Structures are given as C-alpha cells and as structure tokens.
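Shown next: run-v4.pdb, given as PDB, C-alpha atoms and all ligand atoms.
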ATOM      1  CA  MET N   1     173.833 137.744  92.432
ATOM      2  CA  ARG N   2     171.297 135.040  93.195
ATOM      3  CA  SER N   3     172.861 131.739  94.312
ATOM      4  CA  GLN N   4     169.660 129.716  94.547
ATOM      5  CA  PRO N   5     167.160 128.788  91.847
ATOM      6  CA  PHE N   6     164.719 131.676  91.529
ATOM      7  CA  THR N   7     161.514 132.865  89.918
ATOM      8  CA  TYR N   8     160.250 136.183  88.653
ATOM      9  CA  GLU N   9     157.242 137.571  86.852
ATOM     10  CA  LEU N  10     157.091 138.792  83.250
ATOM     11  CA  PRO N  11     153.733 140.436  82.550
ATOM     12  CA  LEU N  12     152.143 138.898  79.444
ATOM     13  CA  SER N  13     150.920 142.368  78.558
ATOM     14  CA  GLY N  14     154.511 143.557  78.124
ATOM     15  CA  GLY N  15     155.091 145.478  81.362
ATOM     16  CA  LEU N  16     158.304 145.567  83.395
ATOM     17  CA  PRO N  17     159.696 142.313  84.862
ATOM     18  CA  SER N  18     159.323 141.985  88.629
ATOM     19  CA  VAL N  19     163.135 141.907  89.084
ATOM     20  CA  TRP N  20     166.148 143.028  87.075
ATOM     21  CA  ASP N  21     169.813 143.876  87.753
ATOM     22  CA  SER N  22     170.716 146.133  84.868
ATOM     23  CA  HIS N  23     168.814 148.601  82.737
ATOM     24  CA  THR N  24     170.549 149.543  79.470
ATOM     25  CA  THR N  25     169.264 152.394  77.338
ATOM     26  CA  ARG N  26     170.242 153.027  73.732
ATOM     27  CA  ARG N  27     169.786 156.409  72.142
ATOM     28  CA  LEU N  28     170.000 157.724  68.620
ATOM     29  CA  SER N  29     173.612 158.863  69.126
ATOM     30  CA  SER N  30     174.740 155.246  69.582
ATOM     31  CA  MET N  31     173.455 154.349  66.072
ATOM     32  CA  LYS N  32     175.764 156.526  64.012
ATOM     33  CA  GLY N  33     176.093 155.202  60.459
ATOM     34  CA  GLN N  34     173.397 152.553  60.916
ATOM     35  CA  TYR N  35     170.397 154.316  59.399
ATOM     36  CA  LEU N  36     170.232 154.612  55.632
ATOM     37  CA  ASP N  37     168.980 158.208  55.575
ATOM     38  CA  GLN N  38     171.991 159.968  57.117
ATOM     39  CA  ALA N  39     170.464 163.439  56.637
ATOM     40  CA  ALA N  40     167.299 162.436  58.504
ATOM     41  CA  TYR N  41     169.512 160.921  61.225
ATOM     42  CA  GLU N  42     171.563 164.110  61.665
ATOM     43  CA  THR N  43     168.478 166.352  61.668
ATOM     44  CA  MET N  44     166.769 164.196  64.270
ATOM     45  CA  LEU N  45     169.876 163.973  66.442
ATOM     46  CA  ALA N  46     170.368 167.749  66.339
ATOM     47  CA  ARG N  47     166.887 168.111  67.802
ATOM     48  CA  GLU N  48     167.065 165.386  70.456
ATOM     49  CA  ASP N  49     169.061 162.276  71.381
ATOM     50  CA  THR N  50     165.923 160.139  71.236
ATOM     51  CA  LEU N  51     165.624 156.998  73.372
ATOM     52  CA  LEU N  52     165.289 154.089  70.928
ATOM     53  CA  TYR N  53     165.234 150.998  73.142
ATOM     54  CA  GLU N  54     165.760 149.670  76.659
ATOM     55  CA  VAL N  55     166.988 146.313  77.932
ATOM     56  CA  TYR N  56     166.403 144.950  81.442
ATOM     57  CA  GLU N  57     168.697 142.044  82.269
ATOM     58  CA  ILE N  58     169.077 139.539  85.083
ATOM     59  CA  LYS N  59     172.805 139.330  85.877
ATOM     60  CA  ARG N  60     174.539 135.956  85.753
ATOM     61  CA  PRO N  61     178.213 134.993  85.636
ATOM     62  CA  GLU N  62     179.389 135.092  82.011
ATOM     63  CA  ALA N  63     180.272 131.425  82.243
ATOM     64  CA  ALA N  64     179.539 128.410  80.060
ATOM     65  CA  GLY N  65     176.359 126.752  81.310
ATOM     66  CA  GLU N  66     174.772 129.945  82.634
ATOM     67  CA  LEU N  67     171.927 131.634  80.727
ATOM     68  CA  LEU N  68     171.522 135.405  80.380
ATOM     69  CA  GLN N  69     167.971 136.628  80.148
ATOM     70  CA  GLY N  70     165.922 139.739  80.189
ATOM     71  CA  ILE N  71     163.294 141.785  78.493
ATOM     72  CA  SER N  72     163.674 144.425  75.791
ATOM     73  CA  PHE N  73     161.425 147.336  74.868
ATOM     74  CA  ILE N  74     161.947 148.783  71.387
ATOM     75  CA  HIS N  75     160.109 152.079  71.187
ATOM     76  CA  PRO N  76     158.101 153.080  68.108
ATOM     77  CA  GLY N  77     159.420 155.592  65.607
ATOM     78  CA  LYS N  78     161.406 156.016  62.408
ATOM     79  CA  VAL N  79     164.563 157.674  61.172
ATOM     80  CA  GLY N  80     163.510 158.792  57.711
ATOM     81  CA  ASP N  81     161.562 155.758  56.441
ATOM     82  CA  GLU N  82     163.471 153.254  58.564
ATOM     83  CA  TYR N  83     161.962 151.946  61.779
ATOM     84  CA  PHE N  84     163.618 152.122  65.199
ATOM     85  CA  MET N  85     165.732 149.011  65.651
ATOM     86  CA  THR N  86     168.461 147.490  67.800
ATOM     87  CA  LYS N  87     172.140 147.807  66.838
ATOM     88  CA  GLY N  88     172.192 144.115  66.070
ATOM     89  CA  HIS N  89     175.075 141.736  66.594
ATOM     90  CA  PHE N  90     176.720 138.403  66.024
ATOM     91  CA  HIS N  91     177.660 136.517  69.171
ATOM     92  CA  GLN N  92     181.374 136.611  69.983
ATOM     93  CA  ILE N  93     181.170 132.859  70.378
ATOM     94  CA  LEU N  94     179.576 132.559  66.971
ATOM     95  CA  ASP N  95     178.238 129.072  67.547
ATOM     96  CA  THR N  96     175.652 130.130  70.148
ATOM     97  CA  GLY N  97     171.934 130.687  69.589
ATOM     98  CA  GLU N  98     169.242 132.760  71.285
ATOM     99  CA  VAL N  99     165.533 132.423  72.060
ATOM    100  CA  TYR N 100     163.114 135.355  71.909
ATOM    101  CA  TYR N 101     159.507 135.293  73.126
ATOM    102  CA  CYS N 102     157.354 138.185  71.966
ATOM    103  CA  LEU N 103     155.107 139.595  74.695
ATOM    104  CA  SER N 104     153.561 142.548  72.900
ATOM    105  CA  GLY N 105     153.744 144.780  69.865
ATOM    106  CA  GLN N 106     154.741 143.954  66.302
ATOM    107  CA  GLY N 107     157.984 143.862  64.429
ATOM    108  CA  LEU N 108     160.510 141.999  62.358
ATOM    109  CA  MET N 109     163.793 140.335  63.205
ATOM    110  CA  VAL N 110     166.443 140.609  60.511
ATOM    111  CA  THR N 111     168.995 137.789  60.623
ATOM    112  CA  GLU N 112     171.975 136.791  58.497
ATOM    113  CA  THR N 113     174.997 134.510  58.497
ATOM    114  CA  PRO N 114     178.616 135.500  57.750
ATOM    115  CA  GLU N 115     178.201 133.611  54.453
ATOM    116  CA  GLY N 116     175.302 135.827  53.389
ATOM    117  CA  ASP N 117     172.180 133.771  54.061
ATOM    118  CA  THR N 118     169.402 136.080  55.224
ATOM    119  CA  GLN N 119     166.069 135.461  56.907
ATOM    120  CA  VAL N 120     163.449 137.865  58.275
ATOM    121  CA  LEU N 121     161.212 136.590  61.086
ATOM    122  CA  GLU N 122     158.013 138.208  62.331
ATOM    123  CA  PHE N 123     157.426 139.109  65.981
ATOM    124  CA  ARG N 124     153.860 138.585  67.216
ATOM    125  CA  PRO N 125     152.616 138.430  70.820
ATOM    126  CA  GLY N 126     152.886 134.828  71.996
ATOM    127  CA  ARG N 127     155.384 133.842  69.281
ATOM    128  CA  VAL N 128     158.832 132.365  69.913
ATOM    129  CA  LEU N 129     161.665 133.301  67.557
ATOM    130  CA  TYR N 130     164.663 130.981  67.585
ATOM    131  CA  VAL N 131     167.934 132.471  66.374
ATOM    132  CA  LEU N 132     170.224 129.679  65.214
ATOM    133  CA  PRO N 133     173.903 129.708  66.206
ATOM    134  CA  ARG N 134     176.005 131.790  63.761
ATOM    135  CA  TRP N 135     173.132 134.124  62.755
ATOM    136  CA  ALA N 136     173.423 137.866  63.467
ATOM    137  CA  HIS N 137     170.150 139.376  64.662
ATOM    138  CA  ARG N 138     168.503 142.791  64.823
ATOM    139  CA  SER N 139     164.994 143.552  66.128
ATOM    140  CA  VAL N 140     162.859 146.172  64.380
ATOM    141  CA  ASN N 141     159.665 147.734  65.756
ATOM    142  CA  THR N 142     157.222 148.225  62.867
ATOM    143  CA  SER N 143     154.316 149.585  64.945
ATOM    144  CA  PRO N 144     153.646 153.314  64.601
ATOM    145  CA  THR N 145     152.478 153.600  68.212
ATOM    146  CA  GLU N 146     153.359 150.621  70.428
ATOM    147  CA  ASP N 147     156.519 149.271  72.016
ATOM    148  CA  LEU N 148     157.828 145.937  70.733
ATOM    149  CA  VAL N 149     158.418 143.893  73.903
ATOM    150  CA  PHE N 150     160.165 140.530  74.094
ATOM    151  CA  TYR N 151     161.867 138.177  76.520
ATOM    152  CA  PHE N 152     165.245 136.779  75.457
ATOM    153  CA  VAL N 153     167.630 134.119  76.722
ATOM    154  CA  TYR N 154     171.077 133.116  75.456
ATOM    155  CA  PRO N 155     174.292 131.479  76.730
ATOM    156  CA  ALA N 156     175.930 133.780  79.278
ATOM    157  CA  ASN N 157     179.383 133.383  77.755
ATOM    158  CA  ALA N 158     178.209 134.163  74.182
ATOM    159  CA  GLY N 159     179.244 137.849  74.193
ATOM    160  CA  HIS N 160     178.213 140.519  71.664
ATOM    161  CA  ASP N 161     180.197 141.186  68.488
ATOM    162  CA  TYR N 162     178.988 144.565  67.204
ATOM    163  CA  GLY N 163     181.977 145.382  64.982
ATOM    164  CA  THR N 164     180.940 143.587  61.796
ATOM    165  CA  ILE N 165     177.470 145.143  61.773
ATOM    166  CA  GLU N 166     178.784 148.611  62.705
ATOM    167  CA  GLN N 167     181.136 148.518  59.734
ATOM    168  CA  LYS N 168     178.972 146.863  57.105
ATOM    169  CA  GLY N 169     175.371 146.995  58.323
ATOM    170  CA  PHE N 170     172.901 144.200  57.643
ATOM    171  CA  ARG N 171     172.265 143.019  54.099
ATOM    172  CA  LYS N 172     168.530 143.689  54.549
ATOM    173  CA  LEU N 173     166.792 146.783  55.946
ATOM    174  CA  VAL N 174     163.203 147.344  57.065
ATOM    175  CA  VAL N 175     161.610 150.552  55.805
ATOM    176  CA  GLU N 176     158.103 151.897  55.408
ATOM    177  CA  ARG N 177     156.818 151.906  51.811
ATOM    178  CA  ASP N 178     153.224 152.990  51.091
ATOM    179  CA  GLY N 179     152.511 152.760  54.816
ATOM    180  CA  GLN N 180     153.691 149.135  55.033
ATOM    181  CA  PRO N 181     156.825 147.596  56.579
ATOM    182  CA  THR N 182     158.946 146.471  53.638
ATOM    183  CA  VAL N 183     162.220 144.546  53.548
ATOM    184  CA  ILE N 184     164.720 145.959  51.061
ATOM    185  CA  ASP N 185     168.326 145.187  50.111
ATOM    186  CA  ASN N 186     170.718 147.533  51.892
ATOM    187  CA  PRO N 187     172.031 149.692  49.039
ATOM    188  CA  ARG N 188     175.172 150.518  51.029
ATOM    189  CA  TRP N 189     176.114 146.910  51.760
ATOM    190  CA  LYS N 190     179.305 145.864  49.994
ATOM    191  CA  PRO N 191     181.046 142.485  50.018
ATOM    192  CA  GLY N 192     184.567 142.178  51.411
TER     193      GLY N 192
HETATM  194  C1  LIG H   1     168.084 141.496  72.959
HETATM  195  C2  LIG H   1     169.218 140.575  73.353
HETATM  196  C3  LIG H   1     170.302 141.344  74.073
HETATM  197  C4  LIG H   1     170.675 142.572  73.288
HETATM  198  C5  LIG H   1     169.448 143.426  73.039
HETATM  199  C6  LIG H   1     169.717 144.693  72.261
HETATM  200  O1  LIG H   1     167.361 141.883  74.056
HETATM  201  O2  LIG H   1     169.729 139.991  72.192
HETATM  202  O3  LIG H   1     171.419 140.506  74.246
HETATM  203  O4  LIG H   1     171.690 143.299  73.948
HETATM  204  O5  LIG H   1     168.524 142.649  72.286
HETATM  205  O6  LIG H   1     170.318 144.425  71.034
HETATM  206  P1  LIG H   1     171.774 144.982  70.702
HETATM  207  O7  LIG H   1     172.688 144.445  71.763
HETATM  208  O8  LIG H   1     172.054 144.448  69.344
HETATM  209  O9  LIG H   1     171.710 146.463  70.760
HETATM  210 ZN    ZN H   2     172.163 137.965  70.667
END

For this file, produce the structure as structure tokens.
Ligand code: M6P
Ligand code: ZN
Amino acid sequence: MRSQPFTYELPLSGGLPSVWDSHTTRRLSSMKGQYLDQAAYETMLAREDTLLYEVYEIKRPEAAGELLQGISFIHPGKVGDEYFMTKGHFHQILDTGEVYYCLSGQGLMVTETPEGDTQVLEFRPGRVLYVLPRWAHRSVNTSPTEDLVFYFVYPANAGHDYGTIEQKGFRKLVVERDGQPTVIDNPRWKPG
C-alpha cells in the first residue's frame, strides 16, 4: 500500500484509472431478490450470469481519517423493465457520507434514510452527487447502450451494510415506462 502522497489519472471520458488495487465484479446471481420481475430475473440467470457492474478501488487502511476511492462502471441493460443497478447499501457507520463524480453515461441515484425520506439524484457527466451521512444509496444506469461511469470517495472506516436493503429493498425503483426512465414506489416494500 502506498505510504507517500500519490497521484493517478482518471480519464474524463470514463476509461480505466491509471492505477487500482482491487477489481470487484458483480453478476446477476449476486442480486437475488432485488429485481421486481422475479420471473425475468430467473429466465435471464438461467441463460447467463450476466456481468452487471465493476468497481476498481485504491486500497487504504480501513481507518478513521483515511479515504477510500475508486471508479465504478455500471453496464447497460435491464432485468424485465428495471435497469441494471448496484446492490445499494447504508454505511455500517451510518453517520458517514460519500461523494460521487460522474465521468460518463447517464443514470439515477436512489437514496433513502432509515426514517423513510427518499431522494433521487441524476448522474450527468461532470456532475457531483453528494450522499449525506445516513442515506442509503444505489446507482442505476438508465442508458440503453453506454456504461455509467463515476468516481467515488468515502471514509475508509465507513463499511457497507447490505443487510437492510437485501431484506427490504429500496422504497423507490427505477423502471422503463414508455421508453423513459421512471421512478416508481416499490410495490414489495413493507414497513417494519
Ligand atoms: C460505489 C461505491 C462503492 C460501492 C460500489 C458498488 O462505487 O459506493 O463503495 O461498493 O458503488 O455498490 P454496492 O457496494 O452497493 O454494490
Ligand atoms: Zn457508500
């Protein structure tokens, strides 16, 4: 791990960073129960365990004061009418935020608090999205053809809490309606 201040390149066009330490890939099989159209999910999975998104990260100690950063590529596609998206998470240390900088593509970020406030932010190249502490976040690629590519940075000790979202999902979903990305209430979301 680097022990001196360092630099690296992030292509503004959305290409690979010039350095990274870990490359995480997430496939359809890791999203069980997350997509609304379960039949479409099963049919698609039976055909192929499609690659949905990839994260390149610069390793840092998971210590207070350090910042974790990297670049994510969400590939284009849909499961039924619902666009490819990240699992989404709260931070384990709930009171920690995150900054995203969109490099290329188009998409939406679905966010919500444990109390049920929701907010959907739009990714555009050159736009910063600031996720407040306490807000769960999921990134959705709404382009039919292009990757959604963004840089992210968050406190290295924040951790990922996936459990709540895996069990309950997000309150809002992003689906295609009449050819347009549309935010709908998650019909399967239940309080408690
Ligand atoms: C962003 C960051 C990462 C996160 C990744 C994928 O790049 O928030 O910390 O891991 O998205 O999202 P998820 O972990 O929810 O699958
Ligand atoms: Zn996060």

Discussion item. Could you check the closest approach to ligand LIG 1 (chain H) for each of N:Trp135, N:Tyr56, N:Phe84, N:Phe170 and tell me which residue wins, using all atoms listed in the file?
Written reply: N:Tyr56

How big is the axis-aligned box, and where does its centre sit, when it encloses all atoms of segment 108-123 of chain N listed in the file and has 3 Å added on every side, reported in Å to one decimal as lines of an AutoDock Vina configuration file?
center_x = 168.0
center_y = 137.8
center_z = 59.7
size_x = 27.2
size_y = 14.4
size_z = 18.6

Worksheet entry | Cut-off 12 Å, only C-alpha atoms and all ligand atoms, neighbours of ligand ZN 2 (chain H) as a PyMOL selection string | chain N and resi 67-70+72+86-100+109-111+129-139+151-162

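What the PyMOL selection byres (((chain N and resi 106) around 9) and not hetatm) grabs from this file is Cys102, Ser104, Gly105, Gly107, Leu108, Glu122, Phe123, Arg124, Pro125, Val140, Asn141, Thr142, Ser143, Glu146, Asp147, Leu148 and Val149 of chain N.
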
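Applied to the shown file, the PyMOL selection byres (((chain N and resi 173) around 6) and not hetatm) selects the residues Lys172, Val174, Val183, Ile184 and Asn186 of chain N.
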
Worksheet entry | Neighbour list for Glu57 of chain N as a PyMOL selection string, cut-off 7 Å, all atoms listed in the file, skip fewer than 6 positions in-chain | chain N and resi 20-23+69-71

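Going from atom O1 of ligand LIG 1 (chain H) over to atom CA of Lys190 of chain N, you cover 27.2 Å.
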
Worksheet item: atom CA of Glu115 of chain N to atom O8 of ligand LIG 1 (chain H): how many Å, to one decimal?
Response: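 That distance, rounded to one decimal, is 19.4 Å.
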
Practice prompt. Counting all atoms listed in the file, find the residues whose atoms lie at most 8 Å from (165.6, 159.3, 58.9) (file coordinates) and write them out as an MDAnalysis selection string.
Written response: chainID N and resid 35:41 44 78:82

Could you write out that same residue set with C-alpha atoms as a PDB file, in the coordinates of the input?
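So part.pdb came out as:
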ATOM      1  CA  TYR N  35     170.397 154.316  59.399  1.00  0.00           C
ATOM      2  CA  LEU N  36     170.232 154.612  55.632  1.00  0.00           C
ATOM      3  CA  ASP N  37     168.980 158.208  55.575  1.00  0.00           C
ATOM      4  CA  GLN N  38     171.991 159.968  57.117  1.00  0.00           C
ATOM      5  CA  ALA N  39     170.464 163.439  56.637  1.00  0.00           C
ATOM      6  CA  ALA N  40     167.299 162.436  58.504  1.00  0.00           C
ATOM      7  CA  TYR N  41     169.512 160.921  61.225  1.00  0.00           C
ATOM      8  CA  MET N  44     166.769 164.196  64.270  1.00  0.00           C
ATOM      9  CA  LYS N  78     161.406 156.016  62.408  1.00  0.00           C
ATOM     10  CA  VAL N  79     164.563 157.674  61.172  1.00  0.00           C
ATOM     11  CA  GLY N  80     163.510 158.792  57.711  1.00  0.00           C
ATOM     12  CA  ASP N  81     161.562 155.758  56.441  1.00  0.00           C
ATOM     13  CA  GLU N  82     163.471 153.254  58.564  1.00  0.00           C
TER      14      GLU N  82
END

Worksheet entry | Minimum-distance residue to ligand LIG 1 (chain H), chosen among N:Lys59, N:Gly126, N:Arg188, N:Tyr53 (using all atoms listed in the file) |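 Smallest separation from ligand LIG 1 (chain H) among the options: N:Tyr53.
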
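Atom C4 of ligand LIG 1 (chain H) to atom CA of Arg177 of chain N spans 27.2 Å [interatomic distance, one decimal].
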
Worksheet item: Out of N:Trp189, N:Tyr83, N:Tyr101, N:Tyr8, which residue has the shortest atom-to-atom distance to ligand LIG 1 (chain H) when counting all atoms listed in the file?
Response: N:Tyr101

Fill in: Residues matched by the PyMOL selection byres (((chain N and resi 51) around 8) and not hetatm), written as a VMD selection string
chain N and resid 25 to 28 49 to 50 52 to 53 75

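Between Gly169 of chain N and the residues N:Thr7, N:Thr113, N:Ser29, N:Gln34, the shortest atom-to-atom distance, using only C-alpha atoms, involves N:Gln34.
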
Worksheet item: Which residue out of N:Val128, N:Pro114, N:Ser30, N:Lys168 has the minimum interatomic distance to ligand LIG 1 (chain H) when all atoms listed in the file are used?
Response: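 Checking each of N:Val128, N:Pro114, N:Ser30, N:Lys168 against ligand LIG 1 (chain H), counting all atoms listed in the file, the winner is N:Ser30.
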
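Between ligand LIG 1 (chain H) and the candidates N:Asp117, N:Glu62, N:Glu54, N:Asp178, the tightest atom-to-atom separation, counting all atoms listed in the file, involves N:Glu54.
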
Starting from the incomplete input, reconstruct all heavy atoms of segment 145-156 of chain N and write that as a short mmCIF file (atom, residue, chain, number, x, y, z; two decimals), keeping the file's coordinate frame.
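Okay, part14.cif is ready:
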data_model
loop_
_atom_site.label_atom_id
_atom_site.label_comp_id
_atom_site.auth_asym_id
_atom_site.auth_seq_id
_atom_site.Cartn_x
_atom_site.Cartn_y
_atom_site.Cartn_z
N THR N 145 152.87 153.05 66.90
CA THR N 145 152.48 153.60 68.21
C THR N 145 152.95 152.80 69.43
O THR N 145 153.11 153.35 70.51
CB THR N 145 150.94 153.68 68.30
OG1 THR N 145 150.42 152.40 67.95
CG2 THR N 145 150.38 154.74 67.36
N GLU N 146 153.14 151.49 69.26
CA GLU N 146 153.36 150.62 70.43
C GLU N 146 154.81 150.17 70.56
O GLU N 146 155.49 149.97 69.55
CB GLU N 146 152.56 149.32 70.23
CG GLU N 146 151.17 149.31 70.74
CD GLU N 146 150.60 147.91 70.54
OE1 GLU N 146 150.92 147.00 71.33
OE2 GLU N 146 149.87 147.72 69.55
N ASP N 147 155.23 149.92 71.79
CA ASP N 147 156.52 149.27 72.02
C ASP N 147 156.49 147.84 71.46
O ASP N 147 155.44 147.18 71.52
CB ASP N 147 156.81 149.16 73.52
CG ASP N 147 157.29 150.47 74.13
OD1 ASP N 147 157.58 151.43 73.37
OD2 ASP N 147 157.36 150.53 75.37
N LEU N 148 157.63 147.36 70.99
CA LEU N 148 157.83 145.94 70.73
C LEU N 148 158.52 145.39 71.98
O LEU N 148 159.58 145.90 72.37
CB LEU N 148 158.71 145.72 69.49
CG LEU N 148 159.18 144.29 69.26
CD1 LEU N 148 158.00 143.35 69.00
CD2 LEU N 148 160.16 144.23 68.07
N VAL N 149 157.90 144.40 72.63
CA VAL N 149 158.42 143.89 73.90
C VAL N 149 158.67 142.39 73.79
O VAL N 149 157.79 141.65 73.34
CB VAL N 149 157.41 144.15 75.06
CG1 VAL N 149 158.03 143.79 76.40
CG2 VAL N 149 156.94 145.60 75.06
N PHE N 150 159.88 141.96 74.15
CA PHE N 150 160.16 140.53 74.09
C PHE N 150 161.12 140.11 75.21
O PHE N 150 161.93 140.90 75.68
CB PHE N 150 160.73 140.12 72.72
CG PHE N 150 161.93 140.91 72.28
CD1 PHE N 150 163.20 140.60 72.72
CD2 PHE N 150 161.77 141.98 71.41
CE1 PHE N 150 164.31 141.33 72.31
CE2 PHE N 150 162.87 142.72 70.98
CZ PHE N 150 164.15 142.39 71.44
N TYR N 151 160.96 138.85 75.59
CA TYR N 151 161.87 138.18 76.52
C TYR N 151 162.95 137.51 75.68
O TYR N 151 162.69 137.06 74.58
CB TYR N 151 161.06 137.13 77.29
CG TYR N 151 161.87 136.17 78.12
CD1 TYR N 151 162.43 136.55 79.34
CD2 TYR N 151 162.06 134.86 77.68
CE1 TYR N 151 163.17 135.66 80.09
CE2 TYR N 151 162.80 133.96 78.44
CZ TYR N 151 163.35 134.37 79.64
OH TYR N 151 164.08 133.48 80.37
N PHE N 152 164.17 137.46 76.20
CA PHE N 152 165.24 136.78 75.46
C PHE N 152 166.09 135.97 76.42
O PHE N 152 166.18 136.28 77.61
CB PHE N 152 166.13 137.79 74.72
CG PHE N 152 166.83 138.76 75.66
CD1 PHE N 152 168.04 138.45 76.23
CD2 PHE N 152 166.23 139.97 75.98
CE1 PHE N 152 168.67 139.33 77.11
CE2 PHE N 152 166.84 140.85 76.86
CZ PHE N 152 168.06 140.53 77.43
N VAL N 153 166.70 134.92 75.91
CA VAL N 153 167.63 134.12 76.72
C VAL N 153 168.70 133.53 75.80
O VAL N 153 168.41 133.09 74.70
CB VAL N 153 166.89 133.03 77.54
CG1 VAL N 153 166.03 132.15 76.67
CG2 VAL N 153 167.84 132.19 78.36
N TYR N 154 169.96 133.61 76.26
CA TYR N 154 171.08 133.12 75.46
C TYR N 154 172.23 132.72 76.38
O TYR N 154 172.27 133.15 77.54
CB TYR N 154 171.51 134.16 74.42
CG TYR N 154 172.05 135.46 74.99
CD1 TYR N 154 173.43 135.69 75.09
CD2 TYR N 154 171.19 136.46 75.43
CE1 TYR N 154 173.92 136.87 75.60
CE2 TYR N 154 171.69 137.65 75.95
CZ TYR N 154 173.05 137.85 76.03
OH TYR N 154 173.54 139.02 76.55
N PRO N 155 173.19 131.93 75.88
CA PRO N 155 174.29 131.48 76.73
C PRO N 155 175.08 132.67 77.29
O PRO N 155 175.44 133.58 76.55
CB PRO N 155 175.16 130.65 75.79
CG PRO N 155 174.23 130.20 74.71
CD PRO N 155 173.25 131.33 74.54
N ALA N 156 175.35 132.61 78.60
CA ALA N 156 175.93 133.78 79.28
C ALA N 156 177.35 134.10 78.84
O ALA N 156 177.84 135.20 79.05
CB ALA N 156 175.88 133.55 80.79
#
